[in-house]
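Novice: The file below is final_7.txt, compact mmCIF, C-alpha atoms:
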```
# COMPACT_ATOMS: atom_id res chain seq x y z
CA MET A 674 69.85 -30.60 50.92
CA LEU A 675 68.31 -27.65 52.69
CA SER A 676 69.35 -25.40 49.83
CA ALA A 677 67.57 -27.67 47.29
CA LEU A 678 64.40 -27.68 49.37
CA ALA A 679 64.49 -23.91 49.62
CA GLN A 680 64.84 -23.54 45.86
CA SER A 681 61.99 -25.99 45.29
CA SER A 682 59.75 -24.06 47.69
CA SER A 683 60.65 -20.75 46.00
CA ALA A 684 59.83 -22.16 42.56
CA ARG A 685 56.50 -23.55 43.80
CA LEU A 686 55.65 -20.20 45.39
CA LEU A 687 56.51 -18.40 42.14
CA ARG A 688 54.25 -20.71 40.13
CA ILE A 689 51.41 -20.21 42.60
CA THR A 690 51.87 -16.43 42.43
CA ILE A 691 51.81 -16.41 38.62
CA LEU A 692 48.73 -18.64 38.58
CA ALA A 693 46.98 -16.35 41.06
CA LEU A 694 47.78 -13.30 38.92
CA CYS A 695 46.41 -15.02 35.83
CA VAL A 696 43.20 -15.87 37.69
CA LEU A 697 42.88 -12.27 38.86
CA VAL A 698 43.35 -10.96 35.29
CA VAL A 699 40.73 -13.34 33.94
CA CYS A 700 38.33 -12.43 36.74
CA ALA A 701 38.91 -8.76 36.07
CA GLN A 702 38.13 -9.24 32.37
CA VAL A 703 34.99 -11.21 33.18
CA ALA A 704 33.90 -8.58 35.69
CA SER A 705 34.57 -5.81 33.21
CA ALA A 706 32.55 -7.60 30.52
CA ALA A 707 29.71 -8.30 32.93
CA SER A 708 29.56 -4.73 34.26
CA GLY A 709 28.77 -3.16 30.87
CA LYS A 710 25.64 -3.33 28.73
CA ASP A 711 24.47 -6.74 27.60
CA TYR A 712 23.94 -6.11 23.89
CA TYR A 713 22.72 -9.65 23.30
CA LYS A 714 20.04 -9.20 25.93
CA ILE A 715 19.08 -5.80 24.51
CA LEU A 716 18.42 -7.35 21.08
CA GLY A 717 16.97 -10.53 22.59
CA VAL A 718 19.35 -12.91 20.79
CA ALA A 719 21.76 -15.62 21.86
CA GLN A 720 25.53 -15.13 21.77
CA ASP A 721 25.83 -17.44 18.77
CA ALA A 722 23.07 -15.65 16.85
CA SER A 723 23.56 -15.30 13.09
CA GLN A 724 23.71 -11.94 11.33
CA GLN A 725 20.28 -12.58 9.81
CA GLU A 726 18.80 -13.12 13.28
CA ILE A 727 20.51 -9.99 14.66
CA LYS A 728 19.18 -7.96 11.74
CA ARG A 729 15.66 -9.34 12.15
CA HIS A 730 15.53 -8.51 15.87
CA TYR A 731 16.89 -5.02 15.25
CA LYS A 732 14.18 -4.33 12.68
CA MET A 733 11.45 -5.51 15.06
CA LEU A 734 12.69 -3.60 18.14
CA SER A 735 13.65 -0.37 16.36
CA ARG A 736 10.17 -0.09 14.90
CA LYS A 737 8.59 -0.86 18.27
CA HIS A 738 10.54 1.80 20.19
CA HIS A 739 10.85 4.48 17.50
CA PRO A 740 10.18 7.96 18.98
CA ASP A 741 7.59 8.72 16.30
CA LYS A 742 5.55 5.77 17.55
CA ASN A 743 6.04 6.75 21.19
CA PRO A 744 5.82 10.57 21.35
CA GLY A 745 6.88 11.95 24.72
CA ASP A 746 8.04 8.53 25.99
CA LYS A 747 11.65 9.03 27.19
CA ASP A 748 12.07 5.36 28.07
CA ALA A 749 11.16 4.30 24.52
CA HIS A 750 13.59 6.87 23.12
CA GLU A 751 16.43 5.53 25.29
CA ARG A 752 15.51 1.98 24.33
CA PHE A 753 15.60 2.98 20.64
CA ILE A 754 19.15 4.29 21.09
CA GLU A 755 20.26 1.16 22.97
CA VAL A 756 18.89 -1.10 20.24
CA ALA A 757 20.85 0.86 17.62
CA GLU A 758 24.04 0.65 19.71
CA ALA A 759 23.62 -3.10 20.16
CA TYR A 760 23.08 -3.65 16.45
CA GLU A 761 26.07 -1.48 15.51
CA VAL A 762 28.36 -3.63 17.69
CA LEU A 763 26.96 -7.09 16.99
CA SER A 764 26.62 -6.59 13.23
CA ASN A 765 30.35 -5.85 12.96
CA ASP A 766 32.47 -9.01 13.31
CA GLU A 767 35.53 -7.17 14.66
CA LYS A 768 33.60 -5.16 17.25
CA ARG A 769 31.59 -8.23 18.22
CA GLU A 770 34.76 -10.22 18.89
CA ILE A 771 36.19 -7.45 21.08
CA TYR A 772 32.89 -7.14 22.95
CA ASN A 773 32.67 -10.89 23.51
CA ARG A 774 36.14 -10.91 25.08
CA TYR A 775 36.31 -7.63 26.96
CA GLY A 776 32.78 -6.24 27.08
CA GLU A 777 31.81 -2.61 26.66
CA GLU A 778 35.02 -1.39 28.33
CA GLY A 779 37.04 -3.21 25.72
CA LEU A 780 35.26 -1.31 22.95
CA LYS A 781 35.97 1.99 24.69
CA SER A 782 39.66 1.21 25.01
CA GLN A 783 39.79 0.43 21.29
CA GLY A 784 38.28 3.82 20.48
CA GLY A 785 35.11 2.22 19.17
CA PRO A 786 31.45 2.72 20.15
CA GLY A 787 31.09 4.23 23.58
CA GLY A 788 34.53 5.86 23.30
CA GLY A 789 36.31 8.09 20.86
CA SER A 790 33.81 9.37 18.32
CA GLY A 791 31.00 7.28 19.85
CA PHE A 792 28.10 5.58 18.06
CA HIS A 793 26.58 6.61 14.76
CA ASP A 794 23.26 8.44 14.72
CA PRO A 795 20.57 5.82 15.57
CA PHE A 796 18.22 7.45 13.05
CA ASP A 797 20.79 6.95 10.28
CA ILE A 798 20.95 3.25 11.15
CA PHE A 799 17.15 3.11 11.18
CA ALA A 800 17.01 4.77 7.74
CA GLN A 801 19.19 2.02 6.29
CA PHE A 802 16.40 -0.46 6.95
CA PHE A 803 13.23 1.62 6.73
CA GLY A 804 14.08 3.99 3.95
CA GLY A 805 15.48 7.43 3.48
CA ASN A 806 15.95 9.93 0.68
CA VAL A 807 19.73 10.24 1.08
CA ARG A 808 21.91 7.44 -0.17
CA PHE A 809 25.01 6.69 1.91
CA ASP A 810 27.33 3.80 2.51
CA ARG A 811 26.50 1.70 5.57
CA ARG A 812 30.05 1.91 6.93
CA GLY A 813 30.40 5.60 6.14
CA GLY A 814 33.46 5.09 3.93
CA GLU A 815 34.34 4.08 0.42
CA ARG A 816 33.18 0.71 -0.79
CA ALA A 817 35.97 -1.78 -1.24
CA LYS A 818 33.85 -3.85 -3.65
CA PRO A 819 31.86 -2.71 -6.67
CA ARG A 820 28.26 -1.85 -5.94
CA GLY A 821 25.59 -4.22 -7.16
CA PRO A 822 22.47 -3.13 -9.06
CA ASP A 823 19.53 -1.51 -7.31
CA VAL A 824 16.15 -3.25 -7.20
CA HIS A 825 13.29 -0.97 -8.27
CA ILE A 826 9.72 -1.69 -7.16
CA HIS A 827 6.65 0.35 -8.13
CA MET A 828 4.29 0.74 -5.18
CA PRO A 829 0.69 1.86 -5.84
CA VAL A 830 -0.71 4.16 -3.13
CA THR A 831 -4.01 5.98 -2.80
CA LEU A 832 -4.32 9.72 -2.31
CA ARG A 833 -5.77 9.00 1.11
CA GLU A 834 -2.64 7.02 2.07
CA LEU A 835 -0.42 9.88 0.91
CA TYR A 836 -2.46 12.21 3.12
CA THR A 837 -2.61 10.11 6.29
CA GLY A 838 0.65 8.20 5.90
CA LEU A 839 1.13 4.46 5.71
CA GLU A 840 3.37 1.74 7.14
CA VAL A 841 3.21 -1.64 5.48
CA ASP A 842 5.39 -4.77 5.55
CA VAL A 843 6.45 -5.82 2.05
CA ASP A 844 7.74 -9.34 1.45
CA ILE A 845 10.39 -9.34 -1.28
CA SER A 846 12.37 -12.18 -2.83
CA LYS A 847 16.06 -11.49 -3.24
CA GLN A 848 19.43 -13.15 -3.64
CA ALA A 849 21.23 -13.77 -0.32
CA LEU A 850 24.52 -15.33 0.77
CA CYS A 851 24.21 -19.03 1.50
CA SER A 852 23.70 -19.36 5.26
CA HIS A 853 25.50 -22.73 5.33
CA CYS A 854 28.80 -21.69 3.74
CA ASP A 855 28.56 -17.91 4.36
CA GLY A 856 29.08 -17.27 0.67
CA SER A 857 32.28 -19.30 0.25
CA GLY A 858 30.68 -21.99 -1.91
CA ALA A 859 32.56 -24.74 -0.06
CA ALA A 860 31.19 -27.51 2.12
CA SER A 861 33.64 -26.52 4.88
CA PRO A 862 36.67 -24.22 5.30
CA ASP A 863 38.93 -27.24 4.82
CA ASP A 864 37.56 -27.62 1.29
CA ILE A 865 39.00 -24.28 0.17
CA ASP A 866 42.50 -24.57 -1.33
CA THR A 867 44.90 -22.00 -2.65
CA CYS A 868 45.06 -22.01 -6.43
CA THR A 869 48.35 -23.61 -7.50
CA ALA A 870 48.29 -21.96 -10.91
CA CYS A 871 48.45 -18.38 -9.62
CA GLY A 872 49.67 -18.99 -6.07
CA GLY A 873 46.55 -17.37 -4.63
CA SER A 874 47.04 -13.99 -6.33
CA GLY A 875 44.20 -14.45 -8.79
CA VAL A 876 46.37 -13.31 -11.72
CA ARG A 877 48.94 -15.00 -13.91
CA VAL A 878 51.97 -13.43 -15.56
CA ILE A 879 52.43 -14.26 -19.23
CA LYS A 880 55.80 -13.61 -20.84
CA GLN A 881 56.13 -13.14 -24.56
CA ALA A 882 59.35 -12.69 -26.51
CA LEU A 883 59.07 -9.83 -28.96
CA GLY A 884 62.64 -10.07 -30.23
CA PRO A 885 66.20 -10.73 -29.17
CA GLY A 886 66.52 -9.56 -25.58
CA ILE A 887 62.99 -8.07 -25.59
CA VAL A 888 60.43 -9.78 -23.37
CA GLN A 889 56.92 -8.50 -22.73
CA GLN A 890 55.10 -9.37 -19.51
CA MET A 891 51.34 -9.23 -19.23
CA GLN A 892 49.03 -9.89 -16.32
CA THR A 893 45.77 -11.70 -16.91
CA LYS A 894 43.08 -13.17 -14.69
CA CYS A 895 43.81 -16.70 -13.67
CA ASP A 896 41.61 -19.03 -15.69
CA GLU A 897 41.98 -21.85 -13.17
CA CYS A 898 40.32 -20.01 -10.26
CA SER A 899 38.53 -17.25 -12.25
CA GLY A 900 40.65 -14.65 -10.49
CA LYS A 901 39.61 -15.64 -6.96
CA GLY A 902 42.92 -17.15 -5.89
CA LYS A 903 41.05 -20.07 -4.29
CA LYS A 904 39.69 -23.34 -5.56
CA ILE A 905 36.93 -25.43 -3.99
CA SER A 906 37.50 -29.17 -3.74
CA LYS A 907 34.04 -29.96 -2.35
CA PRO A 908 31.12 -27.60 -3.09
CA CYS A 909 28.52 -26.63 -0.51
CA PRO A 910 25.62 -29.14 -0.59
CA HIS A 911 23.05 -26.39 0.02
CA CYS A 912 23.93 -23.83 -2.67
CA LYS A 913 25.78 -26.34 -4.92
CA GLY A 914 28.80 -24.04 -4.94
CA ALA A 915 26.83 -21.03 -6.22
CA ARG A 916 27.51 -19.16 -2.93
CA VAL A 917 24.08 -17.52 -3.05
CA MET A 918 20.46 -18.63 -2.68
CA ARG A 919 17.04 -17.07 -3.07
CA GLU A 920 15.29 -16.04 0.13
CA SER A 921 12.42 -13.78 1.15
CA ASP A 922 12.91 -10.73 3.32
CA MET A 923 10.47 -8.37 5.00
CA LEU A 924 10.87 -4.61 4.56
CA ALA A 925 8.77 -2.13 6.51
CA VAL A 926 7.87 0.58 3.99
CA ARG A 927 7.00 3.83 5.69
CA VAL A 928 5.06 6.40 3.62
CA GLU A 929 5.18 9.73 5.42
CA PRO A 930 2.13 12.03 5.29
CA GLY A 931 2.48 14.45 2.38
CA MET A 932 4.77 12.34 0.21
CA ALA A 933 4.35 12.96 -3.51
CA ASP A 934 3.58 10.83 -6.53
CA GLY A 935 6.83 9.43 -7.93
CA GLU A 936 8.82 9.97 -4.73
CA GLU A 937 11.36 7.29 -3.80
CA ILE A 938 11.78 5.36 -0.55
CA VAL A 939 15.29 3.93 -0.46
CA PHE A 940 16.52 0.95 1.57
CA GLU A 941 20.28 1.09 1.24
CA GLY A 942 22.13 -2.25 1.27
CA GLU A 943 18.96 -4.36 1.01
CA GLY A 944 19.39 -5.40 -2.64
CA ASP A 945 20.69 -8.71 -3.96
CA GLN A 946 23.71 -10.02 -2.06
CA HIS A 947 26.84 -11.52 -3.59
CA PRO A 948 30.31 -12.19 -2.15
CA ASP A 949 31.97 -10.22 -4.96
CA HIS A 950 30.07 -6.95 -4.64
CA GLU A 951 28.31 -4.69 -2.18
CA SER A 952 24.55 -4.98 -2.07
CA GLY A 953 22.66 -2.30 -3.90
CA ALA A 954 19.50 -0.64 -2.66
CA VAL A 955 15.83 -1.56 -2.82
CA VAL A 956 14.01 1.49 -4.17
CA PHE A 957 10.23 1.84 -3.90
CA HIS A 958 8.66 4.29 -6.36
CA LEU A 959 5.32 5.66 -5.13
CA GLN A 960 2.57 5.62 -7.75
CA GLN A 961 -0.50 7.63 -6.82
CA GLN A 962 -3.79 6.15 -7.93
CA LEU A 963 -6.62 8.31 -9.21
CA HIS A 964 -9.16 9.50 -6.65
CA GLU A 965 -12.84 9.70 -7.53
CA THR A 966 -13.26 13.18 -6.01
CA TYR A 967 -9.93 14.90 -5.41
CA GLU A 968 -6.93 15.82 -7.53
CA ARG A 969 -3.59 16.88 -6.14
CA TYR A 970 -1.51 19.85 -7.32
CA ALA A 971 1.64 20.08 -5.18
CA GLU A 972 0.35 20.74 -1.64
CA ASP A 973 -3.17 21.76 -2.71
CA LEU A 974 -6.21 19.60 -3.35
CA HIS A 975 -8.82 20.31 -6.02
CA ALA A 976 -12.37 19.02 -6.21
CA GLU A 977 -15.39 19.71 -8.39
CA VAL A 978 -18.89 19.95 -6.91
CA ALA A 979 -22.13 20.10 -8.91
CA VAL A 980 -25.02 22.18 -7.51
CA THR A 981 -28.56 22.54 -8.77
CA LEU A 982 -29.68 25.67 -10.54
CA LEU A 983 -31.80 26.59 -7.52
CA ASP A 984 -28.82 26.26 -5.15
CA ALA A 985 -26.71 28.27 -7.55
CA LEU A 986 -29.26 31.08 -7.42
CA ILE A 987 -30.20 31.28 -3.73
CA GLY A 988 -27.22 29.66 -1.93
CA PHE A 989 -26.76 26.36 -0.13
CA ASN A 990 -25.20 24.48 2.79
CA ARG A 991 -23.79 21.01 2.27
CA THR A 992 -20.96 18.71 3.40
CA ILE A 993 -18.50 16.52 1.54
CA THR A 994 -16.15 13.85 2.89
CA HIS A 995 -12.51 14.89 3.12
CA VAL A 996 -9.75 12.92 1.38
CA ASP A 997 -8.87 11.33 4.74
CA GLY A 998 -12.17 9.42 4.53
CA LYS A 999 -13.24 10.50 8.04
CA SER A 1000 -13.75 14.23 8.51
CA GLU A 1001 -16.52 16.27 6.90
CA ILE A 1002 -16.01 19.58 5.09
CA LYS A 1003 -18.79 22.18 5.24
CA LEU A 1004 -19.51 24.03 2.00
CA GLN A 1005 -21.56 27.20 2.34
CA ARG A 1006 -22.58 29.78 -0.25
CA GLN A 1007 -24.94 32.72 0.03
CA GLY A 1008 -26.43 34.37 -3.02
CA VAL A 1009 -25.55 33.48 -6.60
CA THR A 1010 -22.85 30.95 -7.44
CA PRO A 1011 -21.82 31.28 -11.10
CA PRO A 1012 -20.65 28.20 -13.03
CA GLY A 1013 -16.91 27.66 -12.64
CA HIS A 1014 -16.68 29.62 -9.40
CA VAL A 1015 -13.71 28.56 -7.23
CA GLN A 1016 -13.86 28.56 -3.43
CA ARG A 1017 -10.62 28.20 -1.45
CA LEU A 1018 -10.65 26.43 1.93
CA ALA A 1019 -7.40 27.28 3.71
CA GLY A 1020 -5.56 24.48 5.50
CA LYS A 1021 -7.68 21.67 4.02
CA GLY A 1022 -5.08 20.43 1.52
CA MET A 1023 -2.17 17.97 1.74
CA PRO A 1024 0.27 17.95 4.68
CA ARG A 1025 3.35 20.10 4.20
CA ARG A 1026 6.45 18.04 5.00
CA ARG A 1027 8.85 21.01 4.98
CA ARG A 1028 6.94 23.79 6.69
CA LEU A 1029 8.93 26.94 7.39
CA SER A 1030 5.95 29.07 8.40
CA GLY A 1031 2.20 29.22 8.05
CA SER A 1032 -0.23 26.33 7.90
CA LYS A 1033 0.75 22.70 8.29
CA HIS A 1034 -1.40 21.87 5.25
CA GLY A 1035 -2.03 23.25 1.79
CA ASP A 1036 -5.43 24.50 0.63
CA LEU A 1037 -8.50 22.85 -0.85
CA LEU A 1038 -9.99 24.50 -3.95
CA ILE A 1039 -13.63 23.70 -4.80
CA THR A 1040 -14.88 24.41 -8.33
CA TYR A 1041 -18.69 24.64 -8.62
CA TRP A 1042 -20.67 23.58 -11.69
CA VAL A 1043 -24.36 24.22 -12.18
CA GLN A 1044 -26.74 21.35 -12.93
CA PHE A 1045 -29.56 22.60 -15.19
CA PRO A 1046 -32.94 20.86 -15.34
CA VAL A 1047 -33.74 18.71 -18.37
CA SER A 1048 -37.30 20.07 -18.71
CA ILE A 1049 -39.70 22.44 -16.91
CA ASP A 1050 -43.52 22.19 -16.97
CA GLU A 1051 -45.77 25.13 -17.82
CA LYS A 1052 -46.64 25.93 -14.21
CA ALA A 1053 -42.99 26.12 -13.22
CA GLN A 1054 -42.29 28.26 -16.29
CA ALA A 1055 -44.93 30.71 -15.17
CA HIS A 1056 -43.39 31.00 -11.69
CA ILE A 1057 -39.92 31.48 -13.15
CA SER A 1058 -41.18 34.14 -15.59
CA ALA A 1059 -42.85 35.96 -12.74
CA ALA A 1060 -39.68 35.78 -10.61
CA PHE A 1061 -37.32 36.99 -13.29
CA GLY A 1062 -39.69 39.38 -15.00
CA GLY A 1063 -41.14 40.96 -11.86
CA GLU A 1064 -40.39 44.32 -10.41
CA GLN A 1065 -37.37 46.13 -11.72
CA GLY A 1066 -34.15 45.58 -9.76
CA ALA A 1067 -35.21 42.22 -8.29
CA VAL A 1068 -32.67 40.42 -10.50
CA VAL A 1069 -29.29 41.87 -11.45
CA TRP A 1070 -27.86 40.32 -14.61
CA ASP A 1071 -24.19 39.87 -15.48
CA ASP A 1072 -23.89 40.95 -19.11
CA THR A 1073 -20.11 40.74 -19.31
CA ASN A 1074 -18.55 38.24 -21.67
CA SER A 1075 -16.62 36.53 -18.85
CA ARG A 1076 -15.38 32.98 -19.01
CA THR A 1077 -17.80 31.94 -16.23
CA THR A 1078 -20.88 33.15 -18.15
CA ARG A 1079 -20.09 31.37 -21.43
CA ASP A 1080 -21.82 28.05 -21.87
CA SER A 1081 -19.41 25.64 -23.61
CA LYS A 1082 -18.99 21.87 -23.76
CA GLN A 1083 -22.30 21.27 -22.04
CA HIS A 1084 -22.87 17.79 -20.70
CA ARG A 1085 -26.24 17.29 -19.04
CA GLY A 1086 -26.24 20.96 -18.04
CA ARG A 1087 -22.72 20.92 -16.51
CA GLN A 1088 -20.44 23.72 -17.64
CA ALA A 1089 -16.86 23.25 -18.86
CA PRO A 1090 -14.07 23.80 -16.29
CA ALA A 1091 -12.90 27.35 -15.92
CA ASP A 1092 -9.31 28.51 -15.64
CA ARG A 1093 -7.78 27.64 -12.24
CA SER A 1094 -6.52 31.21 -12.01
CA SER A 1095 -10.04 32.71 -12.13
CA PRO A 1096 -11.29 34.76 -9.16
CA HIS A 1097 -12.36 32.72 -6.15
CA ASP A 1098 -13.56 33.00 -2.59
CA GLU A 1099 -11.26 32.29 0.34
CA LEU A 1100 -12.35 30.93 3.70
```
Output the file's structure in the form of structure tokens.

Specialist:
Amino acid sequence: MLSALAQSSSARLLRITILALCVLVVCAQVASAASGKDYYKILGVAQDASQQEIKRHYKMLSRKHHPDKNPGDKDAHERFIEVAEAYEVLSNDEKREIYNRYGEEGLKSQGGPGGGSGFHDPFDIFAQFFGGNVRFDRRGGERAKPRGPDVHIHMPVTLRELYTGLEVDVDISKQALCSHCDGSGAASPDDIDTCTACGGSGVRVIKQALGPGIVQQMQTKCDECSGKGKKISKPCPHCKGARVMRESDMLAVRVEPGMADGEEIVFEGEGDQHPDHESGAVVFHLQQQLHETYERYAEDLHAEVAVTLLDALIGFNRTITHVDGKSEIKLQRQGVTPPGHVQRLAGKGMPRRRRLSGSKHGDLLITYWVQFPVSIDEKAQAHISAAFGGEQGAVVWDDTNSRTTRDSKQHRGRQAPADRSSPHDEL
């Protein structure tokens, strides 16, 4: 009797000990998860947030805390990195599951973000959403599915916008996975059955006798399930079994100062979605519109300015508005300005995006054309005759047959453009 009671007490004690150990393990896991970074809080989403919501919050916060928008702000830079880390974990189903169970320490023990090779470059993640000139796969490896087509959009921009830079939200309509069935096409997971014709392989083996003892086997796509290996008994009521729907998405297009006409801004992975292929890219092609005053040649700007005959003879001071629409450029000439004369203003051209040395901007080249009067009265003719026919040496004439002294293609007194390579002043 005493022996039975002792055994019962020992068994009860063993059960209590095991239960206590289990509680300690669970508490340790909870404490470990709670001690790390709260990626859901960083992105401002709930734990059951959808991938679309996680993506939308990442776009909003990464733009807000980008170092280019907050120069010298270390807190914003750290926040930008944290937002990228949170998105990298929560956008990956496998990493998200590990994080939900074991927290940041669990990711480190698995050799994922925070351990092993660490996170990807936050600027590379940012470029996937806001454009970049280098195409790369989002996961960094080979694509398991074929790549879908790219979506090309022509984006008109002014010369002023190419000079100052531009950031604009563009609303695009694209094909997206059905949010109700996650691209399965079924009303629920229970409505997806394995194809009985192919056994779920997606292919069928066809045997054909070619002769006595000779049998040929061929593999062909299963016509019952269209090669998917699954059949849907009840289609999704939202997408009607199509697996995809049309939706609008917002892309923040960022035109950097100095970008060129025809340059591409690439948003990798933002093209039409489909369960059977990887999303292609959305590619914006910049199309520079004509400017009423300035023309662009690489990093230099060119403009033509008409001056009166009097200004061309005695000199002038005037100002013109720069291509940025704000600053004023002073134009000054002393003495005679021949038609077609080119004046170079250093550092007044387009921004140089890849500057190794020298100025941050190209140059501005001003070509001057002379505006002749339509008629002159007799009194003015007498004064001009006296001025030009006065004492010897008062006027020095250029009798060379240069391109700037020939009068061709006159239009209301304005001379034809001279060669861009003609001599010019530099300021």

Novice: Name the residues in contact with region 830-837 of chain A at a cut-off of 8 Å, using all atoms listed in the file, excluding same-chain residues fewer than 3 positions from it; report them as a PyMOL selection string.

Specialist: chain A and resi 928-933+959-964+996-998+1023-1024

Novice: Can I get the selection written as an mmCIF file, in the frame of the given file, with C-alpha atoms?

Specialist:
```cif
data_model
loop_
_atom_site.group_PDB
_atom_site.id
_atom_site.type_symbol
_atom_site.label_atom_id
_atom_site.label_comp_id
_atom_site.auth_asym_id
_atom_site.auth_seq_id
_atom_site.Cartn_x
_atom_site.Cartn_y
_atom_site.Cartn_z
ATOM 1 C CA VAL A 928 5.060 6.400 3.620
ATOM 2 C CA GLU A 929 5.180 9.730 5.420
ATOM 3 C CA PRO A 930 2.130 12.030 5.290
ATOM 4 C CA GLY A 931 2.480 14.450 2.380
ATOM 5 C CA MET A 932 4.770 12.340 0.210
ATOM 6 C CA ALA A 933 4.350 12.960 -3.510
ATOM 7 C CA LEU A 959 5.320 5.660 -5.130
ATOM 8 C CA GLN A 960 2.570 5.620 -7.750
ATOM 9 C CA GLN A 961 -0.500 7.630 -6.820
ATOM 10 C CA GLN A 962 -3.790 6.150 -7.930
ATOM 11 C CA LEU A 963 -6.620 8.310 -9.210
ATOM 12 C CA HIS A 964 -9.160 9.500 -6.650
ATOM 13 C CA VAL A 996 -9.750 12.920 1.380
ATOM 14 C CA ASP A 997 -8.870 11.330 4.740
ATOM 15 C CA GLY A 998 -12.170 9.420 4.530
ATOM 16 C CA MET A 1023 -2.170 17.970 1.740
ATOM 17 C CA PRO A 1024 0.270 17.950 4.680
#
```

Novice: Report the distance between CA of Leu734 (chain A) and CA of Tyr712 (chain A) in Å, rounded to one decimal place.

Specialist: 12.9 Å

Novice: Interatomic distance between CA of Gly900 (chain A) and CA of Ala870 (chain A)?

Specialist: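 For CA of Gly900 (chain A) relative to CA of Ala870 (chain A), the distance reads 10.6 Å.
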
Novice: So the first atom is CA of Val718 (chain A) and the second is CA of Val756 (chain A); what is the distance between them in Å, to one decimal place?

Specialist: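 We find that CA of Val718 (chain A) and CA of Val756 (chain A) lie 11.8 Å from each other.
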
Novice: Counting only C-alpha atoms, which residues of region 917-984 of chain A sit at most 10 Å from some atom of region 1000-1013 of chain A, and what is each one's closest atom pair with its distance in Å to one decimal, listed by chain and rising residue number, as a Markdown table?

Specialist:
```
| residue | atom | partner | partner_atom | distance |
| --- | --- | --- | --- | --- |
| A:Glu977 | CA | A:Gly1013 | CA | 9.1 |
| A:Val978 | CA | A:Gly1013 | CA | 9.8 |
| A:Ala979 | CA | A:Pro1012 | CA | 9.2 |
| A:Val980 | CA | A:Thr1010 | CA | 9.0 |
| A:Leu982 | CA | A:Thr1010 | CA | 9.2 |
| A:Leu983 | CA | A:Val1009 | CA | 9.3 |
| A:Asp984 | CA | A:Thr1010 | CA | 7.9 |
```

Novice: Closest to Val762 (chain A) among A:Val955, A:Val926, A:Ile727, A:Cys871, using only C-alpha atoms?

Specialist: A:Ile727

Novice: From the list A:Ile826, A:Ile1049, A:Ala759, A:Leu1037, which residue is nearest Arg969 (chain A) when using all atoms listed in the file?

Specialist: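 Nearest to Arg969 (chain A): A:Leu1037.
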
Novice: Neighbours of Thr867 (chain A) within 8 Å (only C-alpha atoms; same-chain residues fewer than 4 positions away dropped), as a list in words?

Specialist: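 Near Thr867 (chain A), the qualifying residues are Gly872, Gly873, Gly902, Lys903 and Lys904 of chain A.
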
Novice: Would you list the residues near (28.0, -8.8, 21.4) (no more than 8 Å away, in the coordinates of the file, using only C-alpha atoms) as a PyMOL selection string?

Specialist: chain A and resi 711-713+720+759+762-763+768-770+772-773+776

Novice: For the residues selected in the previous step, produce a file with C-alpha atoms as a PDB file, in the coordinates of the input.

Specialist:
```pdb
ATOM      1  CA  ASP A 711      24.470  -6.740  27.600  1.00  0.00           C
ATOM      2  CA  TYR A 712      23.940  -6.110  23.890  1.00  0.00           C
ATOM      3  CA  TYR A 713      22.720  -9.650  23.300  1.00  0.00           C
ATOM      4  CA  GLN A 720      25.530 -15.130  21.770  1.00  0.00           C
ATOM      5  CA  ALA A 759      23.620  -3.100  20.160  1.00  0.00           C
ATOM      6  CA  VAL A 762      28.360  -3.630  17.690  1.00  0.00           C
ATOM      7  CA  LEU A 763      26.960  -7.090  16.990  1.00  0.00           C
ATOM      8  CA  LYS A 768      33.600  -5.160  17.250  1.00  0.00           C
ATOM      9  CA  ARG A 769      31.590  -8.230  18.220  1.00  0.00           C
ATOM     10  CA  GLU A 770      34.760 -10.220  18.890  1.00  0.00           C
ATOM     11  CA  TYR A 772      32.890  -7.140  22.950  1.00  0.00           C
ATOM     12  CA  ASN A 773      32.670 -10.890  23.510  1.00  0.00           C
ATOM     13  CA  GLY A 776      32.780  -6.240  27.080  1.00  0.00           C
TER      14      GLY A 776
END
```

Novice: Using all atoms listed in the file, determine which residues lie at most 10 Å from Gln848 (chain A), disregarding the query and same-chain residues fewer than 6 positions distant; provide the list as a ChimeraX atom specification.

Specialist: /A:917-922,943-947,952

Novice: Which residues are near Ala757 (chain A)? Cut-off 8 Å, all atoms listed in the file, ignore same chain within fewer than 6 positions. Put them as a ChimeraX atom specification.

Specialist: /A:731,735,795,798-799

Novice: Taking all atoms listed in the file into account, name the residue in A:Ile987, A:Leu1038, A:Ala722, A:Leu780 that is nearest to Lys710 (chain A).

Specialist: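 The answer is A:Leu780, which sits nearest to Lys710 (chain A).
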